[in-house]
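Next comes target00.cif, a file with mmCIF, N, CA and C atoms.
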data_structure
#
loop_
_atom_site.label_atom_id
_atom_site.label_comp_id
_atom_site.auth_asym_id
_atom_site.auth_seq_id
_atom_site.Cartn_x
_atom_site.Cartn_y
_atom_site.Cartn_z
N MET A 95 110.49 115.79 121.12
CA MET A 95 109.29 115.17 120.59
C MET A 95 109.11 113.81 121.27
N LYS A 96 107.93 113.57 121.81
CA LYS A 96 107.65 112.29 122.45
C LYS A 96 107.54 111.18 121.41
N LYS A 97 108.01 110.00 121.77
CA LYS A 97 107.97 108.84 120.87
C LYS A 97 106.55 108.32 120.69
N VAL A 98 105.72 108.36 121.75
CA VAL A 98 104.35 107.85 121.70
C VAL A 98 103.41 108.92 122.23
N ILE A 99 102.39 109.25 121.42
CA ILE A 99 101.36 110.19 121.83
C ILE A 99 100.00 109.59 121.49
N ALA A 100 98.94 110.24 121.92
CA ALA A 100 97.59 109.76 121.63
C ALA A 100 96.69 110.94 121.29
N THR A 101 95.74 110.69 120.40
CA THR A 101 94.75 111.71 120.06
C THR A 101 93.85 111.95 121.27
N ASP A 102 93.09 113.02 121.22
CA ASP A 102 92.15 113.31 122.31
C ASP A 102 91.15 112.18 122.52
N LEU A 103 90.66 111.61 121.42
CA LEU A 103 89.70 110.51 121.53
C LEU A 103 90.34 109.29 122.18
N ALA A 104 91.56 108.97 121.81
CA ALA A 104 92.26 107.83 122.40
C ALA A 104 92.55 108.09 123.88
N GLN A 105 92.93 109.32 124.22
CA GLN A 105 93.18 109.65 125.62
C GLN A 105 91.91 109.49 126.46
N ALA A 106 90.79 109.92 125.93
CA ALA A 106 89.52 109.78 126.66
C ALA A 106 89.20 108.31 126.90
N LEU A 107 89.42 107.46 125.90
CA LEU A 107 89.16 106.04 126.05
C LEU A 107 90.14 105.40 127.03
N ILE A 108 91.40 105.79 126.98
CA ILE A 108 92.39 105.28 127.93
C ILE A 108 91.98 105.65 129.35
N ASN A 109 91.57 106.90 129.56
CA ASN A 109 91.10 107.32 130.88
C ASN A 109 89.93 106.47 131.36
N GLU A 110 88.98 106.22 130.48
CA GLU A 110 87.82 105.40 130.81
C GLU A 110 88.24 103.98 131.19
N LEU A 111 89.17 103.42 130.43
CA LEU A 111 89.64 102.06 130.72
C LEU A 111 90.43 102.01 132.03
N GLN A 112 91.19 103.07 132.33
CA GLN A 112 91.92 103.14 133.59
C GLN A 112 90.95 103.16 134.77
N GLU A 113 89.88 103.94 134.65
CA GLU A 113 88.88 104.01 135.71
C GLU A 113 88.23 102.65 135.94
N GLN A 114 88.01 101.93 134.88
CA GLN A 114 87.33 100.64 134.96
C GLN A 114 88.26 99.51 135.39
N HIS A 115 89.51 99.50 134.89
CA HIS A 115 90.40 98.35 135.07
C HIS A 115 91.63 98.62 135.93
N GLY A 116 91.93 99.86 136.24
CA GLY A 116 93.14 100.17 137.01
C GLY A 116 94.35 100.33 136.11
N ASP A 117 95.50 99.88 136.58
CA ASP A 117 96.75 100.05 135.83
C ASP A 117 96.71 99.26 134.52
N LEU A 118 97.15 99.93 133.45
CA LEU A 118 97.12 99.34 132.11
C LEU A 118 98.51 99.32 131.50
N ILE A 119 98.67 98.53 130.44
CA ILE A 119 99.84 98.58 129.58
C ILE A 119 99.36 98.55 128.14
N LEU A 120 100.15 99.10 127.25
CA LEU A 120 99.91 99.04 125.81
C LEU A 120 101.07 98.28 125.18
N ILE A 121 100.74 97.30 124.36
CA ILE A 121 101.74 96.49 123.70
C ILE A 121 101.59 96.67 122.20
N HIS A 122 102.69 96.99 121.54
CA HIS A 122 102.70 97.13 120.09
C HIS A 122 102.65 95.73 119.48
N SER A 123 101.54 95.41 118.84
CA SER A 123 101.36 94.08 118.27
C SER A 123 102.44 93.79 117.24
N GLU A 124 102.82 92.53 117.16
CA GLU A 124 103.82 92.12 116.17
C GLU A 124 103.20 91.76 114.83
N GLY A 125 101.90 91.93 114.69
CA GLY A 125 101.28 91.77 113.39
C GLY A 125 100.58 90.46 113.13
N CYS A 126 100.52 89.55 114.10
CA CYS A 126 99.91 88.25 113.81
C CYS A 126 98.40 88.34 113.64
N CYS A 127 97.75 89.20 114.40
CA CYS A 127 96.28 89.24 114.37
C CYS A 127 95.73 90.49 113.70
N ASP A 128 96.22 91.63 114.10
CA ASP A 128 95.68 92.90 113.61
C ASP A 128 96.77 93.86 113.19
N GLY A 129 97.72 93.37 112.45
CA GLY A 129 98.78 94.25 112.00
C GLY A 129 99.55 94.78 113.19
N THR A 130 99.65 96.07 113.31
CA THR A 130 100.38 96.67 114.41
C THR A 130 99.46 97.42 115.35
N SER A 131 98.22 96.99 115.47
CA SER A 131 97.30 97.63 116.40
C SER A 131 97.83 97.50 117.82
N PRO A 132 97.80 98.59 118.60
CA PRO A 132 98.23 98.46 119.99
C PRO A 132 97.21 97.64 120.78
N ILE A 133 97.71 96.79 121.64
CA ILE A 133 96.86 95.96 122.49
C ILE A 133 96.89 96.55 123.89
N CYS A 134 95.72 96.84 124.43
CA CYS A 134 95.60 97.41 125.77
C CYS A 134 95.16 96.30 126.73
N MET A 135 95.96 96.10 127.79
CA MET A 135 95.65 95.07 128.77
C MET A 135 95.88 95.62 130.17
N THR A 136 95.31 94.95 131.15
CA THR A 136 95.62 95.34 132.52
C THR A 136 97.06 94.95 132.81
N ALA A 137 97.72 95.79 133.59
CA ALA A 137 99.11 95.51 133.95
C ALA A 137 99.19 94.15 134.62
N GLY A 138 100.13 93.35 134.20
CA GLY A 138 100.30 92.01 134.76
C GLY A 138 99.61 90.92 133.99
N ASP A 139 98.77 91.27 133.02
CA ASP A 139 98.05 90.25 132.23
C ASP A 139 98.80 89.82 130.98
N PHE A 140 99.99 90.38 130.73
CA PHE A 140 100.77 90.03 129.55
C PHE A 140 102.21 89.83 130.00
N TYR A 141 102.77 88.71 129.64
CA TYR A 141 104.17 88.45 129.99
C TYR A 141 105.07 89.23 129.06
N LEU A 142 105.81 90.16 129.62
CA LEU A 142 106.76 90.96 128.85
C LEU A 142 108.13 90.30 128.97
N GLY A 143 108.51 89.60 127.92
CA GLY A 143 109.82 88.95 127.91
C GLY A 143 110.94 89.95 127.79
N SER A 144 112.15 89.45 127.82
CA SER A 144 113.33 90.31 127.78
C SER A 144 113.48 91.06 126.46
N GLN A 145 112.76 90.65 125.43
CA GLN A 145 112.87 91.30 124.12
C GLN A 145 111.89 92.47 123.95
N TYR A 146 111.08 92.74 124.98
CA TYR A 146 110.18 93.90 124.95
C TYR A 146 110.82 95.04 125.72
N LYS A 147 110.68 96.25 125.18
CA LYS A 147 111.17 97.39 125.93
C LYS A 147 110.13 98.50 125.88
N GLN A 148 110.11 99.29 126.94
CA GLN A 148 109.20 100.42 126.98
C GLN A 148 109.79 101.54 126.15
N ILE A 149 109.00 102.03 125.18
CA ILE A 149 109.50 103.11 124.31
C ILE A 149 108.79 104.43 124.57
N GLY A 150 107.79 104.41 125.42
CA GLY A 150 107.07 105.63 125.74
C GLY A 150 105.93 105.33 126.68
N GLU A 151 105.11 106.36 126.90
CA GLU A 151 103.92 106.17 127.72
C GLU A 151 102.91 107.25 127.38
N VAL A 152 101.66 106.93 127.63
CA VAL A 152 100.55 107.86 127.43
C VAL A 152 99.69 107.81 128.69
N LEU A 153 99.50 108.95 129.32
CA LEU A 153 98.68 109.03 130.53
C LEU A 153 99.13 108.01 131.59
N ASP A 154 100.42 107.90 131.77
CA ASP A 154 101.03 106.96 132.73
C ASP A 154 100.82 105.50 132.36
N VAL A 155 100.44 105.23 131.13
CA VAL A 155 100.31 103.86 130.64
C VAL A 155 101.54 103.58 129.77
N PRO A 156 102.41 102.64 130.20
CA PRO A 156 103.60 102.35 129.42
C PRO A 156 103.27 101.69 128.08
N TYR A 157 104.06 102.03 127.07
CA TYR A 157 103.91 101.48 125.72
C TYR A 157 105.14 100.64 125.42
N TYR A 158 104.92 99.34 125.18
CA TYR A 158 106.01 98.39 124.94
C TYR A 158 106.06 97.94 123.49
N MET A 159 107.29 97.70 123.03
CA MET A 159 107.49 97.20 121.68
C MET A 159 108.56 96.11 121.72
N HIS A 160 108.35 95.08 120.92
CA HIS A 160 109.34 94.01 120.80
C HIS A 160 110.55 94.57 120.04
N ASN A 161 111.73 94.19 120.47
CA ASN A 161 112.97 94.69 119.84
C ASN A 161 113.00 94.46 118.34
N SER A 162 112.38 93.39 117.86
CA SER A 162 112.41 93.08 116.42
C SER A 162 111.69 94.13 115.59
N ASN A 163 110.79 94.90 116.20
CA ASN A 163 110.05 95.93 115.47
C ASN A 163 110.68 97.32 115.58
N PHE A 164 111.56 97.50 116.54
CA PHE A 164 112.03 98.85 116.83
C PHE A 164 112.81 99.47 115.67
N SER A 165 113.59 98.70 114.95
CA SER A 165 114.38 99.30 113.86
C SER A 165 113.47 99.93 112.79
N TYR A 166 112.31 99.34 112.58
CA TYR A 166 111.37 99.90 111.61
C TYR A 166 110.75 101.20 112.13
N TRP A 167 110.42 101.25 113.40
CA TRP A 167 109.70 102.38 113.99
C TRP A 167 110.60 103.44 114.62
N GLN A 168 111.91 103.23 114.62
CA GLN A 168 112.78 104.13 115.36
C GLN A 168 112.72 105.59 114.90
N HIS A 169 112.40 105.84 113.65
CA HIS A 169 112.34 107.21 113.13
C HIS A 169 110.91 107.73 113.02
N MET A 170 109.97 107.00 113.63
CA MET A 170 108.57 107.38 113.55
C MET A 170 108.02 107.67 114.94
N GLN A 171 107.18 108.69 115.01
CA GLN A 171 106.43 108.94 116.23
C GLN A 171 105.13 108.15 116.13
N ILE A 172 104.81 107.40 117.16
CA ILE A 172 103.60 106.58 117.16
C ILE A 172 102.46 107.42 117.72
N VAL A 173 101.37 107.49 116.96
CA VAL A 173 100.19 108.23 117.38
C VAL A 173 99.07 107.21 117.56
N ILE A 174 98.61 107.05 118.80
CA ILE A 174 97.52 106.13 119.09
C ILE A 174 96.21 106.86 118.85
N ASP A 175 95.35 106.25 118.06
CA ASP A 175 94.03 106.80 117.77
C ASP A 175 93.01 105.71 118.05
N VAL A 176 91.75 106.03 117.91
CA VAL A 176 90.69 105.05 118.17
C VAL A 176 89.65 105.14 117.07
N ILE A 177 89.12 103.99 116.68
CA ILE A 177 88.05 103.93 115.69
C ILE A 177 86.91 103.09 116.26
N ASP A 178 85.74 103.24 115.66
CA ASP A 178 84.59 102.42 116.04
C ASP A 178 84.74 101.03 115.44
N GLY A 179 84.26 100.03 116.18
CA GLY A 179 84.28 98.66 115.69
C GLY A 179 85.38 97.86 116.37
N ILE A 180 85.18 96.55 116.39
CA ILE A 180 86.13 95.66 117.05
C ILE A 180 87.16 95.18 116.04
N SER A 181 88.42 95.45 116.35
CA SER A 181 89.51 94.99 115.50
C SER A 181 90.30 93.90 116.21
N ASN A 182 90.63 94.12 117.47
CA ASN A 182 91.45 93.19 118.22
C ASN A 182 90.69 92.75 119.47
N SER A 183 90.13 91.58 119.45
CA SER A 183 89.30 91.13 120.56
C SER A 183 90.08 90.88 121.83
N PHE A 184 91.44 90.86 121.77
CA PHE A 184 92.25 90.68 122.97
C PHE A 184 92.40 91.98 123.76
N SER A 185 92.14 93.10 123.14
CA SER A 185 92.37 94.40 123.74
C SER A 185 91.13 94.87 124.50
N LEU A 186 91.34 95.55 125.63
CA LEU A 186 90.23 95.92 126.51
C LEU A 186 89.16 96.79 125.86
N GLU A 187 89.55 97.65 124.93
CA GLU A 187 88.56 98.55 124.32
C GLU A 187 87.56 97.82 123.45
N SER A 188 87.84 96.58 123.07
CA SER A 188 86.91 95.83 122.22
C SER A 188 85.56 95.64 122.91
N ALA A 189 85.54 95.60 124.24
CA ALA A 189 84.27 95.46 124.98
C ALA A 189 83.40 96.71 124.83
N LYS A 190 83.98 97.78 124.36
CA LYS A 190 83.25 99.03 124.14
C LYS A 190 83.00 99.28 122.66
N ASP A 191 83.21 98.24 121.84
CA ASP A 191 83.05 98.32 120.39
C ASP A 191 83.95 99.41 119.79
N LYS A 192 85.19 99.46 120.31
CA LYS A 192 86.20 100.41 119.84
C LYS A 192 87.48 99.65 119.57
N SER A 193 88.37 100.27 118.80
CA SER A 193 89.68 99.69 118.52
C SER A 193 90.73 100.79 118.48
N PHE A 194 91.84 100.54 119.19
CA PHE A 194 92.98 101.42 119.06
C PHE A 194 93.68 101.10 117.75
N VAL A 195 94.15 102.14 117.08
CA VAL A 195 94.93 102.00 115.84
C VAL A 195 96.14 102.91 115.96
N ILE A 196 97.12 102.64 115.11
CA ILE A 196 98.34 103.45 115.09
C ILE A 196 98.39 104.28 113.81
N ARG A 197 98.75 105.50 114.01
CA ARG A 197 99.12 106.38 112.91
C ARG A 197 100.56 106.79 113.23
N SER A 198 101.23 107.42 112.32
CA SER A 198 102.62 107.78 112.63
C SER A 198 102.99 109.11 112.00
N ASN A 199 103.98 109.72 112.61
CA ASN A 199 104.60 110.94 112.12
C ASN A 199 106.10 110.68 112.03
N LYS A 200 106.74 111.24 111.03
CA LYS A 200 108.19 111.12 110.94
C LYS A 200 108.80 111.98 112.03
N MET A 201 109.74 111.40 112.75
CA MET A 201 110.43 112.16 113.80
C MET A 201 111.55 112.97 113.18
N ILE A 202 111.68 114.19 113.60
CA ILE A 202 112.73 115.07 113.09
C ILE A 202 113.84 115.11 114.14
N ALA A 203 115.05 114.88 113.70
CA ALA A 203 116.18 114.90 114.63
C ALA A 203 116.33 116.29 115.21
N GLU A 204 116.58 116.32 116.51
CA GLU A 204 116.73 117.61 117.19
C GLU A 204 118.17 117.99 117.34
#
I need this file expressed as structure tokens, please.
Amino acid sequence: MKKVIATDLAQALINELQEQHGDLILIHSEGCCDGTSPICMTAGDFYLGSQYKQIGEVLDVPYYMHNSNFSYWQHMQIVIDVIDGISNSFSLESAKDKSFVIRSNKMIAE
């Protein structure tokens, strides 16, 4: 089971953003602005310190999470979805009046 997946709608938006902006990254927010909404940025526009690690990827877009959050999410599969409206103005999809959101599934040990 993959750690990070995306709905069809989120995949379509990621593809659109890739076409427009090139290489992207997704960062799992630490909750200061929009809870745990994933932030989508162009690769290189966010400083990933040593406490961030890649936990998955969607459509060749790496998904990073700060180590302080991983213990909470370690048993959950992250599902990236998209809704209408601006939630996180730092994220690229906000220019399209969209917002990425996280849903989750419990991961079953294999």
Counting all atoms listed in the file, which of A:Leu103, A:His115, A:Leu120, A:Ser181 gets nearest to Val152 (chain A)?
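Smallest distance to Val152 (chain A) is found for A:Leu120.
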In chain A, what's helix (DSSP H, G or I) per DSSP? Answer as a PyMOL selection string?
chain A and resi 102-115+161-167+186-190
Evaluate the PyMOL selection byres ((chain A and resi 148) around 6) on the structure here and hand back the selected residues as a PDB file with N, CA and C atoms, in the coordinates of the input.
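Writing the result to result-v3.pdb gives the following:
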ATOM      1  N   TYR A 146     111.080  92.740 124.980  1.00  0.00           N
ATOM      2  CA  TYR A 146     110.180  93.900 124.950  1.00  0.00           C
ATOM      3  C   TYR A 146     110.820  95.040 125.720  1.00  0.00           C
ATOM      4  N   LYS A 147     110.680  96.250 125.180  1.00  0.00           N
ATOM      5  CA  LYS A 147     111.170  97.390 125.930  1.00  0.00           C
ATOM      6  C   LYS A 147     110.130  98.500 125.880  1.00  0.00           C
ATOM      7  N   ILE A 149     109.000 102.030 125.180  1.00  0.00           N
ATOM      8  CA  ILE A 149     109.500 103.110 124.310  1.00  0.00           C
ATOM      9  C   ILE A 149     108.790 104.430 124.570  1.00  0.00           C
ATOM     10  N   GLY A 150     107.790 104.410 125.420  1.00  0.00           N
ATOM     11  CA  GLY A 150     107.070 105.630 125.740  1.00  0.00           C
ATOM     12  C   GLY A 150     105.930 105.330 126.680  1.00  0.00           C
ATOM     13  N   TYR A 157     104.060 102.030 127.070  1.00  0.00           N
ATOM     14  CA  TYR A 157     103.910 101.480 125.720  1.00  0.00           C
ATOM     15  C   TYR A 157     105.140 100.640 125.420  1.00  0.00           C
ATOM     16  N   TYR A 158     104.920  99.340 125.180  1.00  0.00           N
ATOM     17  CA  TYR A 158     106.010  98.390 124.940  1.00  0.00           C
ATOM     18  C   TYR A 158     106.060  97.940 123.490  1.00  0.00           C
ATOM     19  N   MET A 159     107.290  97.700 123.030  1.00  0.00           N
ATOM     20  CA  MET A 159     107.490  97.200 121.680  1.00  0.00           C
ATOM     21  C   MET A 159     108.560  96.110 121.720  1.00  0.00           C
TER      22      MET A 159
END
Interatomic distance between atom C of Ser193 (chain A) and CA of Gln145 (chain A)?
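Taking atom C of Ser193 (chain A) as the start and CA of Gln145 (chain A) as the end point, the length is 24.7 Å.
Closest approach to Lys200 (chain A) among A:Cys134, A:Met170, A:Leu107, A:Ile177: A:Met170, based on only N, CA and C atoms.
Minimum atom-to-atom distances from A:Asp175, A:Glu151, A:Asp117, A:Asp139 to Asp102 (chain A) were compared using only C-alpha atoms, and the lowest value belongs to A:Asp175.
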Can you pull out every residue within 9 Å of Met201 (chain A), counting only C-alpha atoms, but drop anything in the same chain fewer than 4 positions away, and send it as an MDAnalysis selection string?
chainID A and resid 95 97 168:171
